[in-house]
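Structure file coords.csv with CSV, N, CA and C atoms:
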```
chain,number,residue,atom,x,y,z
A,443,MET,N,-30.4,33.1,20.0
A,443,MET,CA,-30.9,31.8,19.4
A,443,MET,C,-30.2,31.6,18.0
A,444,LYS,N,-30.0,32.7,17.3
A,444,LYS,CA,-29.3,32.5,16.0
A,444,LYS,C,-27.8,32.1,16.2
A,445,LYS,N,-27.2,32.5,17.3
A,445,LYS,CA,-25.8,32.2,17.6
A,445,LYS,C,-25.7,30.7,17.9
A,446,TYR,N,-26.7,30.2,18.7
A,446,TYR,CA,-26.7,28.7,19.0
A,446,TYR,C,-26.9,27.9,17.8
A,447,PHE,N,-27.8,28.3,16.9
A,447,PHE,CA,-28.1,27.6,15.7
A,447,PHE,C,-26.8,27.5,14.8
A,448,SER,N,-26.1,28.7,14.7
A,448,SER,CA,-24.9,28.7,13.9
A,448,SER,C,-23.8,27.8,14.5
A,449,LEU,N,-23.7,27.8,15.8
A,449,LEU,CA,-22.7,27.0,16.5
A,449,LEU,C,-23.0,25.5,16.3
A,450,LEU,N,-24.3,25.1,16.5
A,450,LEU,CA,-24.7,23.7,16.3
A,450,LEU,C,-24.5,23.3,14.8
A,451,SER,N,-24.7,24.2,13.9
A,451,SER,CA,-24.5,23.9,12.5
A,451,SER,C,-23.1,23.6,12.2
A,452,PHE,N,-22.2,24.5,12.8
A,452,PHE,CA,-20.8,24.3,12.6
A,452,PHE,C,-20.3,23.0,13.1
A,453,ILE,N,-20.7,22.7,14.3
A,453,ILE,CA,-20.3,21.4,15.0
A,453,ILE,C,-20.8,20.2,14.1
A,454,ALA,N,-22.0,20.3,13.6
A,454,ALA,CA,-22.6,19.2,12.8
A,454,ALA,C,-21.7,19.0,11.6
A,455,ILE,N,-21.4,20.1,10.9
A,455,ILE,CA,-20.6,20.0,9.7
A,455,ILE,C,-19.2,19.5,10.0
A,456,PHE,N,-18.7,19.9,11.1
A,456,PHE,CA,-17.3,19.4,11.5
A,456,PHE,C,-17.3,17.9,11.6
A,457,PHE,N,-18.3,17.4,12.3
A,457,PHE,CA,-18.4,15.9,12.6
A,457,PHE,C,-18.7,15.1,11.3
A,458,ILE,N,-19.5,15.7,10.4
A,458,ILE,CA,-19.8,15.0,9.2
A,458,ILE,C,-18.5,15.0,8.3
A,459,GLY,N,-17.8,16.1,8.3
A,459,GLY,CA,-16.5,16.1,7.6
A,459,GLY,C,-15.5,15.1,8.2
A,460,MET,N,-15.5,14.9,9.5
A,460,MET,CA,-14.6,13.9,10.1
A,460,MET,C,-15.0,12.5,9.7
A,461,GLN,N,-16.3,12.2,9.6
A,461,GLN,CA,-16.7,10.9,9.2
A,461,GLN,C,-16.3,10.6,7.8
A,462,PHE,N,-16.4,11.5,6.9
A,462,PHE,CA,-16.0,11.3,5.5
A,462,PHE,C,-14.5,11.1,5.4
A,463,SER,N,-13.8,11.8,6.2
A,463,SER,CA,-12.3,11.7,6.2
A,463,SER,C,-11.9,10.3,6.7
A,464,LEU,N,-12.5,9.9,7.7
A,464,LEU,CA,-12.1,8.5,8.3
A,464,LEU,C,-12.5,7.4,7.3
A,465,ALA,N,-13.7,7.6,6.7
A,465,ALA,CA,-14.1,6.6,5.7
A,465,ALA,C,-13.2,6.5,4.5
A,466,GLN,N,-12.7,7.6,4.0
A,466,GLN,CA,-11.8,7.6,2.9
A,466,GLN,C,-10.5,6.9,3.3
A,467,GLU,N,-10.0,7.2,4.5
A,467,GLU,CA,-8.7,6.7,5.0
A,467,GLU,C,-8.9,5.2,5.1
A,468,ALA,N,-10.0,4.7,5.6
A,468,ALA,CA,-10.2,3.2,5.7
A,468,ALA,C,-10.2,2.6,4.4
A,469,ASP,N,-10.9,3.2,3.4
A,469,ASP,CA,-10.9,2.7,2.0
A,469,ASP,C,-9.6,2.5,1.4
A,470,ARG,N,-8.7,3.5,1.6
A,470,ARG,CA,-7.4,3.5,1.1
A,470,ARG,C,-6.6,2.3,1.6
A,471,GLN,N,-6.7,2.0,2.9
A,471,GLN,CA,-5.9,1.0,3.4
A,471,GLN,C,-6.4,-0.4,3.1
A,472,ASP,N,-7.7,-0.5,2.7
A,472,ASP,CA,-8.3,-1.8,2.4
A,472,ASP,C,-8.2,-2.1,0.9
A,473,ASN,N,-7.8,-1.1,0.1
A,473,ASN,CA,-7.9,-1.2,-1.3
A,473,ASN,C,-6.5,-1.5,-1.9
A,474,PRO,N,-6.3,-2.8,-2.3
A,474,PRO,CA,-4.9,-3.2,-2.7
A,474,PRO,C,-4.4,-2.4,-3.9
A,475,GLU,N,-5.3,-1.9,-4.8
A,475,GLU,CA,-4.9,-1.2,-6.0
A,475,GLU,C,-4.3,0.2,-5.6
A,476,VAL,N,-4.8,0.8,-4.6
A,476,VAL,CA,-4.3,2.1,-4.2
A,476,VAL,C,-2.9,1.9,-3.6
A,477,VAL,N,-2.7,0.9,-2.8
A,477,VAL,CA,-1.4,0.6,-2.2
A,477,VAL,C,-0.4,0.3,-3.2
A,478,ALA,N,-0.8,-0.6,-4.2
A,478,ALA,CA,0.1,-1.0,-5.3
A,478,ALA,C,0.5,0.1,-6.2
A,479,LYS,N,-0.5,1.0,-6.4
A,479,LYS,CA,-0.2,2.2,-7.3
A,479,LYS,C,0.9,3.1,-6.6
A,480,GLN,N,0.8,3.3,-5.3
A,480,GLN,CA,1.7,4.1,-4.6
A,480,GLN,C,3.1,3.4,-4.6
A,481,LYS,N,3.1,2.1,-4.4
A,481,LYS,CA,4.4,1.4,-4.4
A,481,LYS,C,5.0,1.4,-5.8
A,482,THR,N,4.2,1.2,-6.8
A,482,THR,CA,4.7,1.3,-8.2
A,482,THR,C,5.3,2.6,-8.5
A,483,TYR,N,4.6,3.7,-8.1
A,483,TYR,CA,5.1,5.0,-8.3
A,483,TYR,C,6.5,5.2,-7.6
A,484,GLU,N,6.6,4.7,-6.4
A,484,GLU,CA,7.9,4.9,-5.7
A,484,GLU,C,9.0,4.1,-6.4
A,485,LEU,N,8.7,2.9,-6.8
A,485,LEU,CA,9.7,2.1,-7.6
A,485,LEU,C,10.0,2.7,-8.9
A,486,HIS,N,9.1,3.4,-9.6
A,486,HIS,CA,9.3,4.1,-10.8
A,486,HIS,C,10.3,5.2,-10.5
A,487,GLN,N,10.1,5.9,-9.5
A,487,GLN,CA,11.0,7.0,-9.1
A,487,GLN,C,12.4,6.5,-8.8
A,488,LEU,N,12.5,5.4,-8.2
A,488,LEU,CA,13.8,4.8,-7.9
A,488,LEU,C,14.5,4.2,-9.0
A,489,LEU,N,13.8,3.4,-9.8
A,489,LEU,CA,14.4,2.6,-10.9
A,489,LEU,C,14.2,3.0,-12.3
A,490,LYS,N,13.4,4.1,-12.5
A,490,LYS,CA,13.1,4.6,-13.9
A,490,LYS,C,12.5,3.5,-14.7
A,491,LEU,N,11.4,3.0,-14.3
A,491,LEU,CA,10.7,1.9,-15.0
A,491,LEU,C,10.1,2.4,-16.3
A,492,THR,N,10.1,1.4,-17.3
A,492,THR,CA,9.4,1.7,-18.5
A,492,THR,C,7.9,1.5,-18.3
A,493,GLY,N,7.1,1.9,-19.2
A,493,GLY,CA,5.6,1.7,-19.1
A,493,GLY,C,5.2,0.2,-18.9
A,494,LYS,N,5.8,-0.6,-19.7
A,494,LYS,CA,5.6,-2.1,-19.6
A,494,LYS,C,6.0,-2.6,-18.2
A,495,GLN,N,7.1,-2.2,-17.7
A,495,GLN,CA,7.6,-2.6,-16.4
A,495,GLN,C,6.6,-2.1,-15.3
A,496,GLN,N,6.1,-0.9,-15.5
A,496,GLN,CA,5.2,-0.3,-14.5
A,496,GLN,C,4.0,-1.2,-14.4
A,497,GLY,N,3.4,-1.5,-15.6
A,497,GLY,CA,2.2,-2.3,-15.6
A,497,GLY,C,2.4,-3.7,-14.9
A,498,ALA,N,3.5,-4.3,-15.3
A,498,ALA,CA,3.8,-5.7,-14.7
A,498,ALA,C,4.1,-5.6,-13.2
A,499,MET,N,4.8,-4.5,-12.8
A,499,MET,CA,5.0,-4.4,-11.3
A,499,MET,C,3.7,-4.1,-10.6
A,500,PHE,N,2.9,-3.3,-11.2
A,500,PHE,CA,1.6,-3.0,-10.6
A,500,PHE,C,0.8,-4.3,-10.4
A,501,ASP,N,0.7,-5.1,-11.4
A,501,ASP,CA,0.0,-6.4,-11.3
A,501,ASP,C,0.6,-7.3,-10.2
A,502,VAL,N,1.9,-7.4,-10.1
A,502,VAL,CA,2.5,-8.2,-9.0
A,502,VAL,C,2.2,-7.6,-7.6
A,503,LEU,N,2.3,-6.3,-7.5
A,503,LEU,CA,2.0,-5.7,-6.2
A,503,LEU,C,0.5,-5.8,-5.8
A,504,VAL,N,-0.4,-5.7,-6.8
A,504,VAL,CA,-1.8,-5.9,-6.4
A,504,VAL,C,-2.1,-7.3,-5.9
A,505,ASP,N,-1.5,-8.2,-6.6
A,505,ASP,CA,-1.7,-9.6,-6.2
A,505,ASP,C,-1.1,-9.8,-4.7
A,506,ALA,N,0.1,-9.3,-4.5
A,506,ALA,CA,0.7,-9.4,-3.2
A,506,ALA,C,-0.1,-8.7,-2.1
A,507,GLU,N,-0.6,-7.5,-2.4
A,507,GLU,CA,-1.4,-6.8,-1.4
A,507,GLU,C,-2.7,-7.5,-1.1
A,508,LYS,N,-3.3,-8.1,-2.1
A,508,LYS,CA,-4.5,-8.9,-1.9
A,508,LYS,C,-4.2,-10.1,-1.0
A,509,ASN,N,-3.1,-10.8,-1.2
A,509,ASN,CA,-2.7,-11.9,-0.4
A,509,ASN,C,-2.4,-11.4,1.1
A,510,ILE,N,-1.8,-10.3,1.2
A,510,ILE,CA,-1.5,-9.8,2.6
A,510,ILE,C,-2.8,-9.4,3.3
A,511,ILE,N,-3.8,-8.8,2.6
A,511,ILE,CA,-5.0,-8.5,3.2
A,511,ILE,C,-5.8,-9.7,3.6
A,512,GLU,N,-5.7,-10.7,2.8
A,512,GLU,CA,-6.4,-12.0,3.1
A,512,GLU,C,-5.7,-12.7,4.3
A,513,LEU,N,-4.4,-12.6,4.3
A,513,LEU,CA,-3.6,-13.1,5.5
A,513,LEU,C,-4.0,-12.4,6.8
A,514,ASN,N,-4.1,-11.1,6.7
A,514,ASN,CA,-4.5,-10.3,7.9
A,514,ASN,C,-5.9,-10.6,8.4
A,515,LYS,N,-6.8,-11.0,7.5
A,515,LYS,CA,-8.2,-11.3,7.8
A,515,LYS,C,-8.2,-12.6,8.6
A,516,ASN,N,-7.4,-13.6,8.2
A,516,ASN,CA,-7.4,-14.9,8.8
A,516,ASN,C,-6.6,-14.8,10.2
A,517,LYS,N,-7.2,-15.4,11.2
A,517,LYS,CA,-6.5,-15.4,12.5
A,517,LYS,C,-5.7,-16.7,12.6
A,518,VAL,N,-4.4,-16.5,12.4
A,518,VAL,CA,-3.5,-17.7,12.4
A,518,VAL,C,-2.4,-17.3,13.4
A,519,SER,N,-1.6,-18.3,13.8
A,519,SER,CA,-0.5,-18.1,14.7
A,519,SER,C,0.5,-17.2,14.1
A,520,GLU,N,1.3,-16.6,14.9
A,520,GLU,CA,2.4,-15.7,14.5
A,520,GLU,C,3.4,-16.4,13.6
A,521,SER,N,3.8,-17.6,13.9
A,521,SER,CA,4.7,-18.3,13.1
A,521,SER,C,4.2,-18.6,11.7
A,522,VAL,N,2.9,-19.0,11.6
A,522,VAL,CA,2.3,-19.3,10.4
A,522,VAL,C,2.2,-18.0,9.5
A,523,GLU,N,1.8,-16.9,10.2
A,523,GLU,CA,1.7,-15.7,9.5
A,523,GLU,C,3.1,-15.2,8.9
A,524,HIS,N,4.1,-15.4,9.8
A,524,HIS,CA,5.5,-15.1,9.3
A,524,HIS,C,5.9,-15.9,8.1
A,525,GLU,N,5.6,-17.2,8.1
A,525,GLU,CA,5.9,-18.1,7.0
A,525,GLU,C,5.2,-17.7,5.7
A,526,ARG,N,3.9,-17.3,5.9
A,526,ARG,CA,3.1,-16.9,4.7
A,526,ARG,C,3.6,-15.6,4.2
A,527,MET,N,4.0,-14.7,5.0
A,527,MET,CA,4.5,-13.4,4.6
A,527,MET,C,5.8,-13.6,3.8
A,528,LYS,N,6.6,-14.5,4.4
A,528,LYS,CA,7.9,-14.8,3.7
A,528,LYS,C,7.7,-15.4,2.3
A,529,ALA,N,6.7,-16.3,2.2
A,529,ALA,CA,6.4,-16.8,0.9
A,529,ALA,C,5.9,-15.8,-0.1
A,530,ILE,N,5.0,-14.8,0.4
A,530,ILE,CA,4.6,-13.7,-0.4
A,530,ILE,C,5.7,-12.9,-0.9
A,531,ASN,N,6.6,-12.6,0.0
A,531,ASN,CA,7.8,-11.7,-0.3
A,531,ASN,C,8.7,-12.4,-1.3
A,532,GLU,N,8.9,-13.7,-1.2
A,532,GLU,CA,9.7,-14.5,-2.1
A,532,GLU,C,9.1,-14.5,-3.5
A,533,LYS,N,7.8,-14.6,-3.6
A,533,LYS,CA,7.1,-14.6,-4.8
A,533,LYS,C,7.3,-13.3,-5.5
A,534,VAL,N,7.1,-12.2,-4.7
A,534,VAL,CA,7.3,-10.8,-5.3
A,534,VAL,C,8.7,-10.6,-5.8
A,535,GLN,N,9.7,-11.1,-5.0
A,535,GLN,CA,11.1,-10.9,-5.4
A,535,GLN,C,11.3,-11.7,-6.7
A,536,ALA,N,10.8,-12.9,-6.8
A,536,ALA,CA,11.0,-13.7,-8.0
A,536,ALA,C,10.4,-13.0,-9.3
A,537,ASN,N,9.2,-12.4,-9.1
A,537,ASN,CA,8.5,-11.7,-10.2
A,537,ASN,C,9.3,-10.4,-10.5
A,538,PHE,N,9.8,-9.7,-9.5
A,538,PHE,CA,10.5,-8.5,-9.8
A,538,PHE,C,11.8,-8.8,-10.6
A,539,LYS,N,12.4,-9.9,-10.2
A,539,LYS,CA,13.7,-10.3,-10.9
A,539,LYS,C,13.4,-10.6,-12.4
A,540,LYS,N,12.2,-11.1,-12.7
A,540,LYS,CA,11.8,-11.4,-14.1
A,540,LYS,C,11.5,-10.1,-14.8
A,541,ILE,N,10.9,-9.1,-14.1
A,541,ILE,CA,10.5,-7.9,-14.8
A,541,ILE,C,11.6,-6.9,-15.0
A,542,LEU,N,12.5,-6.8,-14.0
A,542,LEU,CA,13.5,-5.7,-14.0
A,542,LEU,C,14.8,-6.2,-14.7
A,543,THR,N,15.5,-5.2,-15.2
A,543,THR,CA,16.8,-5.5,-15.7
A,543,THR,C,17.7,-5.9,-14.6
A,544,PRO,N,18.9,-6.5,-14.8
A,544,PRO,CA,19.8,-6.9,-13.7
A,544,PRO,C,20.3,-5.6,-13.0
A,545,GLU,N,20.5,-4.5,-13.7
A,545,GLU,CA,20.9,-3.3,-13.0
A,545,GLU,C,19.8,-2.7,-12.1
A,546,GLN,N,18.6,-2.7,-12.6
A,546,GLN,CA,17.5,-2.3,-11.8
A,546,GLN,C,17.3,-3.1,-10.6
A,547,PHE,N,17.4,-4.4,-10.8
A,547,PHE,CA,17.2,-5.3,-9.7
A,547,PHE,C,18.2,-5.1,-8.6
A,548,GLN,N,19.5,-4.9,-9.0
A,548,GLN,CA,20.5,-4.6,-8.0
A,548,GLN,C,20.2,-3.3,-7.3
A,549,MET,N,19.8,-2.3,-8.0
A,549,MET,CA,19.4,-1.0,-7.3
A,549,MET,C,18.2,-1.2,-6.3
A,550,TYR,N,17.3,-2.1,-6.7
A,550,TYR,CA,16.1,-2.4,-5.9
A,550,TYR,C,16.6,-3.1,-4.6
A,551,GLN,N,17.5,-4.1,-4.7
A,551,GLN,CA,18.0,-4.8,-3.6
A,551,GLN,C,18.8,-3.9,-2.7
A,552,ALA,N,19.6,-3.0,-3.3
A,552,ALA,CA,20.4,-2.0,-2.5
A,552,ALA,C,19.4,-1.1,-1.7
A,553,SER,N,18.3,-0.7,-2.3
A,553,SER,CA,17.4,0.2,-1.6
A,553,SER,C,16.7,-0.6,-0.4
A,554,LEU,N,16.5,-1.9,-0.6
A,554,LEU,CA,16.0,-2.6,0.6
A,554,LEU,C,16.9,-2.7,1.7
A,555,VAL,N,18.2,-2.8,1.4
A,555,VAL,CA,19.2,-2.9,2.5
A,555,VAL,C,19.3,-1.5,3.2
A,556,THR,N,19.2,-0.4,2.5
A,556,THR,CA,19.3,0.9,3.1
A,556,THR,C,18.0,1.2,3.9
A,557,ASP,N,16.8,0.6,3.4
A,557,ASP,CA,15.6,0.8,4.1
A,557,ASP,C,15.6,0.1,5.5
A,558,LYS,N,16.3,-1.0,5.5
A,558,LYS,CA,16.3,-1.8,6.8
A,558,LYS,C,17.2,-1.1,7.8
A,559,LYS,N,18.1,-0.3,7.4
A,559,LYS,CA,19.0,0.4,8.3
A,559,LYS,C,18.3,1.6,8.9
```
As structure tokens, what does this structure read like?
Amino acid sequence: MKKYFSLLSFIAIFFIGMQFSLAQEADRQDNPEVVAKQKTYELHQLLKLTGKQQGAMFDVLVDAEKNIIELNKNKVSESVEHERMKAINEKVQANFKKILTPEQFQMYQASLVTDKK
């Protein structure tokens, strides 16, 4: 009897742990700040951003992520979604160009080309 109780307790704890893990993963994907923070960190590693640049980039990326989440919630045709994504990306690029130095912006564009390959 004690063995069955131990086994059932272990199984219950395992499933509870799985639920918490899945809930945290879903939170991360729906939270634009978390995604923007990760992208800002990656850009900082690539471009050696200053503190002021990091803050500005984070704000731009949070705004873009919120727009993307909103776009994904709305059920629109694929062509409309493509056009809206293109507009979001153009806005991000324009803001990045204002924030980054010309050398940093060139490095950023070069990284986009290598990422596509």
Expressed in Å, the length from atom C of A:His486 to atom N of A:Leu513 is 27.4 Å
(Q) Please list as a PyMOL selection string every residue within 10 Å of A:Val534, counting only C-alpha atoms and excluding residues in the same chain fewer than 3 positions away. (A) chain A and resi 499+502-503+505-506+528-531+537-540
Please write the residues from the selection above to a file, keeping N, CA and C atoms, as an mmCIF file, in the coordinates of the input.
```cif
data_model
loop_
_atom_site.group_PDB
_atom_site.id
_atom_site.type_symbol
_atom_site.label_atom_id
_atom_site.label_comp_id
_atom_site.auth_asym_id
_atom_site.auth_seq_id
_atom_site.Cartn_x
_atom_site.Cartn_y
_atom_site.Cartn_z
ATOM 1 N N MET A 499 4.800 -4.500 -12.800
ATOM 2 C CA MET A 499 5.000 -4.400 -11.300
ATOM 3 C C MET A 499 3.700 -4.100 -10.600
ATOM 4 N N VAL A 502 1.900 -7.400 -10.100
ATOM 5 C CA VAL A 502 2.500 -8.200 -9.000
ATOM 6 C C VAL A 502 2.200 -7.600 -7.600
ATOM 7 N N LEU A 503 2.300 -6.300 -7.500
ATOM 8 C CA LEU A 503 2.000 -5.700 -6.200
ATOM 9 C C LEU A 503 0.500 -5.800 -5.800
ATOM 10 N N ASP A 505 -1.500 -8.200 -6.600
ATOM 11 C CA ASP A 505 -1.700 -9.600 -6.200
ATOM 12 C C ASP A 505 -1.100 -9.800 -4.700
ATOM 13 N N ALA A 506 0.100 -9.300 -4.500
ATOM 14 C CA ALA A 506 0.700 -9.400 -3.200
ATOM 15 C C ALA A 506 -0.100 -8.700 -2.100
ATOM 16 N N LYS A 528 6.600 -14.500 4.400
ATOM 17 C CA LYS A 528 7.900 -14.800 3.700
ATOM 18 C C LYS A 528 7.700 -15.400 2.300
ATOM 19 N N ALA A 529 6.700 -16.300 2.200
ATOM 20 C CA ALA A 529 6.400 -16.800 0.900
ATOM 21 C C ALA A 529 5.900 -15.800 -0.100
ATOM 22 N N ILE A 530 5.000 -14.800 0.400
ATOM 23 C CA ILE A 530 4.600 -13.700 -0.400
ATOM 24 C C ILE A 530 5.700 -12.900 -0.900
ATOM 25 N N ASN A 531 6.600 -12.600 0.000
ATOM 26 C CA ASN A 531 7.800 -11.700 -0.300
ATOM 27 C C ASN A 531 8.700 -12.400 -1.300
ATOM 28 N N ASN A 537 9.200 -12.400 -9.100
ATOM 29 C CA ASN A 537 8.500 -11.700 -10.200
ATOM 30 C C ASN A 537 9.300 -10.400 -10.500
ATOM 31 N N PHE A 538 9.800 -9.700 -9.500
ATOM 32 C CA PHE A 538 10.500 -8.500 -9.800
ATOM 33 C C PHE A 538 11.800 -8.800 -10.600
ATOM 34 N N LYS A 539 12.400 -9.900 -10.200
ATOM 35 C CA LYS A 539 13.700 -10.300 -10.900
ATOM 36 C C LYS A 539 13.400 -10.600 -12.400
ATOM 37 N N LYS A 540 12.200 -11.100 -12.700
ATOM 38 C CA LYS A 540 11.800 -11.400 -14.100
ATOM 39 C C LYS A 540 11.500 -10.100 -14.800
#
```
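Interatomic distance, atom N of A:Leu542 against atom CA of A:Gln495: 6.9 Å.
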For A:Ala478, list every protein, DNA or RNA residue within 12 Å, evaluated using only C-alpha atoms, and leave out those in the same chain fewer than 5 positions away; present the list as a PDB file with N, CA and C atoms, in the frame of the given file.
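This went into result_35.pdb:
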```pdb
ATOM      1  N   ARG A 470      -8.700   3.500   1.600  1.00  0.00           N
ATOM      2  CA  ARG A 470      -7.400   3.500   1.100  1.00  0.00           C
ATOM      3  C   ARG A 470      -6.600   2.300   1.600  1.00  0.00           C
ATOM      4  N   GLN A 471      -6.700   2.000   2.900  1.00  0.00           N
ATOM      5  CA  GLN A 471      -5.900   1.000   3.400  1.00  0.00           C
ATOM      6  C   GLN A 471      -6.400  -0.400   3.100  1.00  0.00           C
ATOM      7  N   ASP A 472      -7.700  -0.500   2.700  1.00  0.00           N
ATOM      8  CA  ASP A 472      -8.300  -1.800   2.400  1.00  0.00           C
ATOM      9  C   ASP A 472      -8.200  -2.100   0.900  1.00  0.00           C
ATOM     10  N   ASN A 473      -7.800  -1.100   0.100  1.00  0.00           N
ATOM     11  CA  ASN A 473      -7.900  -1.200  -1.300  1.00  0.00           C
ATOM     12  C   ASN A 473      -6.500  -1.500  -1.900  1.00  0.00           C
ATOM     13  N   TYR A 483       4.600   3.700  -8.100  1.00  0.00           N
ATOM     14  CA  TYR A 483       5.100   5.000  -8.300  1.00  0.00           C
ATOM     15  C   TYR A 483       6.500   5.200  -7.600  1.00  0.00           C
ATOM     16  N   GLU A 484       6.600   4.700  -6.400  1.00  0.00           N
ATOM     17  CA  GLU A 484       7.900   4.900  -5.700  1.00  0.00           C
ATOM     18  C   GLU A 484       9.000   4.100  -6.400  1.00  0.00           C
ATOM     19  N   LEU A 485       8.700   2.900  -6.800  1.00  0.00           N
ATOM     20  CA  LEU A 485       9.700   2.100  -7.600  1.00  0.00           C
ATOM     21  C   LEU A 485      10.000   2.700  -8.900  1.00  0.00           C
ATOM     22  N   HIS A 486       9.100   3.400  -9.600  1.00  0.00           N
ATOM     23  CA  HIS A 486       9.300   4.100 -10.800  1.00  0.00           C
ATOM     24  C   HIS A 486      10.300   5.200 -10.500  1.00  0.00           C
ATOM     25  N   GLN A 496       6.100  -0.900 -15.500  1.00  0.00           N
ATOM     26  CA  GLN A 496       5.200  -0.300 -14.500  1.00  0.00           C
ATOM     27  C   GLN A 496       4.000  -1.200 -14.400  1.00  0.00           C
ATOM     28  N   GLY A 497       3.400  -1.500 -15.600  1.00  0.00           N
ATOM     29  CA  GLY A 497       2.200  -2.300 -15.600  1.00  0.00           C
ATOM     30  C   GLY A 497       2.400  -3.700 -14.900  1.00  0.00           C
ATOM     31  N   ALA A 498       3.500  -4.300 -15.300  1.00  0.00           N
ATOM     32  CA  ALA A 498       3.800  -5.700 -14.700  1.00  0.00           C
ATOM     33  C   ALA A 498       4.100  -5.600 -13.200  1.00  0.00           C
ATOM     34  N   MET A 499       4.800  -4.500 -12.800  1.00  0.00           N
ATOM     35  CA  MET A 499       5.000  -4.400 -11.300  1.00  0.00           C
ATOM     36  C   MET A 499       3.700  -4.100 -10.600  1.00  0.00           C
ATOM     37  N   PHE A 500       2.900  -3.300 -11.200  1.00  0.00           N
ATOM     38  CA  PHE A 500       1.600  -3.000 -10.600  1.00  0.00           C
ATOM     39  C   PHE A 500       0.800  -4.300 -10.400  1.00  0.00           C
ATOM     40  N   ASP A 501       0.700  -5.100 -11.400  1.00  0.00           N
ATOM     41  CA  ASP A 501       0.000  -6.400 -11.300  1.00  0.00           C
ATOM     42  C   ASP A 501       0.600  -7.300 -10.200  1.00  0.00           C
ATOM     43  N   VAL A 502       1.900  -7.400 -10.100  1.00  0.00           N
ATOM     44  CA  VAL A 502       2.500  -8.200  -9.000  1.00  0.00           C
ATOM     45  C   VAL A 502       2.200  -7.600  -7.600  1.00  0.00           C
ATOM     46  N   LEU A 503       2.300  -6.300  -7.500  1.00  0.00           N
ATOM     47  CA  LEU A 503       2.000  -5.700  -6.200  1.00  0.00           C
ATOM     48  C   LEU A 503       0.500  -5.800  -5.800  1.00  0.00           C
ATOM     49  N   VAL A 504      -0.400  -5.700  -6.800  1.00  0.00           N
ATOM     50  CA  VAL A 504      -1.800  -5.900  -6.400  1.00  0.00           C
ATOM     51  C   VAL A 504      -2.100  -7.300  -5.900  1.00  0.00           C
ATOM     52  N   ASP A 505      -1.500  -8.200  -6.600  1.00  0.00           N
ATOM     53  CA  ASP A 505      -1.700  -9.600  -6.200  1.00  0.00           C
ATOM     54  C   ASP A 505      -1.100  -9.800  -4.700  1.00  0.00           C
ATOM     55  N   ALA A 506       0.100  -9.300  -4.500  1.00  0.00           N
ATOM     56  CA  ALA A 506       0.700  -9.400  -3.200  1.00  0.00           C
ATOM     57  C   ALA A 506      -0.100  -8.700  -2.100  1.00  0.00           C
ATOM     58  N   GLU A 507      -0.600  -7.500  -2.400  1.00  0.00           N
ATOM     59  CA  GLU A 507      -1.400  -6.800  -1.400  1.00  0.00           C
ATOM     60  C   GLU A 507      -2.700  -7.500  -1.100  1.00  0.00           C
ATOM     61  N   LYS A 508      -3.300  -8.100  -2.100  1.00  0.00           N
ATOM     62  CA  LYS A 508      -4.500  -8.900  -1.900  1.00  0.00           C
ATOM     63  C   LYS A 508      -4.200 -10.100  -1.000  1.00  0.00           C
ATOM     64  N   ILE A 510      -1.800 -10.300   1.200  1.00  0.00           N
ATOM     65  CA  ILE A 510      -1.500  -9.800   2.600  1.00  0.00           C
ATOM     66  C   ILE A 510      -2.800  -9.400   3.300  1.00  0.00           C
TER      67      ILE A 510
END
```
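Rounded to one decimal, atom CA of A:Lys481 and atom CA of A:Ser553 lie 13.4 Å from each other.
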Report, as JSON, the centre and edge lengths in Å (one decimal) of the axis-aligned box enclosing every listed atom of stretch 486-492 of chain A, padded by 6 Å on each side.
```
{"center_x": 11.2, "center_y": 4.2, "center_z": -13.2, "size_x": 18.6, "size_y": 17.6, "size_z": 22.6}
```
Please provide the set of residues having any atom within 12 Å of A:Asn514, restricted to only C-alpha atoms, with same-chain residues fewer than 3 positions apart removed, written as a short mmCIF file (atom, residue, chain, number, x, y, z; two decimals) with N, CA and C atoms, in the frame of the given file.
```
data_model
loop_
_atom_site.label_atom_id
_atom_site.label_comp_id
_atom_site.auth_asym_id
_atom_site.auth_seq_id
_atom_site.Cartn_x
_atom_site.Cartn_y
_atom_site.Cartn_z
N ASP A 472 -7.70 -0.50 2.70
CA ASP A 472 -8.30 -1.80 2.40
C ASP A 472 -8.20 -2.10 0.90
N GLU A 507 -0.60 -7.50 -2.40
CA GLU A 507 -1.40 -6.80 -1.40
C GLU A 507 -2.70 -7.50 -1.10
N LYS A 508 -3.30 -8.10 -2.10
CA LYS A 508 -4.50 -8.90 -1.90
C LYS A 508 -4.20 -10.10 -1.00
N ASN A 509 -3.10 -10.80 -1.20
CA ASN A 509 -2.70 -11.90 -0.40
C ASN A 509 -2.40 -11.40 1.10
N ILE A 510 -1.80 -10.30 1.20
CA ILE A 510 -1.50 -9.80 2.60
C ILE A 510 -2.80 -9.40 3.30
N ILE A 511 -3.80 -8.80 2.60
CA ILE A 511 -5.00 -8.50 3.20
C ILE A 511 -5.80 -9.70 3.60
N LYS A 517 -7.20 -15.40 11.20
CA LYS A 517 -6.50 -15.40 12.50
C LYS A 517 -5.70 -16.70 12.60
N VAL A 518 -4.40 -16.50 12.40
CA VAL A 518 -3.50 -17.70 12.40
C VAL A 518 -2.40 -17.30 13.40
N SER A 519 -1.60 -18.30 13.80
CA SER A 519 -0.50 -18.10 14.70
C SER A 519 0.50 -17.20 14.10
N GLU A 520 1.30 -16.60 14.90
CA GLU A 520 2.40 -15.70 14.50
C GLU A 520 3.40 -16.40 13.60
N VAL A 522 2.90 -19.00 11.60
CA VAL A 522 2.30 -19.30 10.40
C VAL A 522 2.20 -18.00 9.50
N GLU A 523 1.80 -16.90 10.20
CA GLU A 523 1.70 -15.70 9.50
C GLU A 523 3.10 -15.20 8.90
N HIS A 524 4.10 -15.40 9.80
CA HIS A 524 5.50 -15.10 9.30
C HIS A 524 5.90 -15.90 8.10
N ARG A 526 3.90 -17.30 5.90
CA ARG A 526 3.10 -16.90 4.70
C ARG A 526 3.60 -15.60 4.20
N MET A 527 4.00 -14.70 5.00
CA MET A 527 4.50 -13.40 4.60
C MET A 527 5.80 -13.60 3.80
#
```
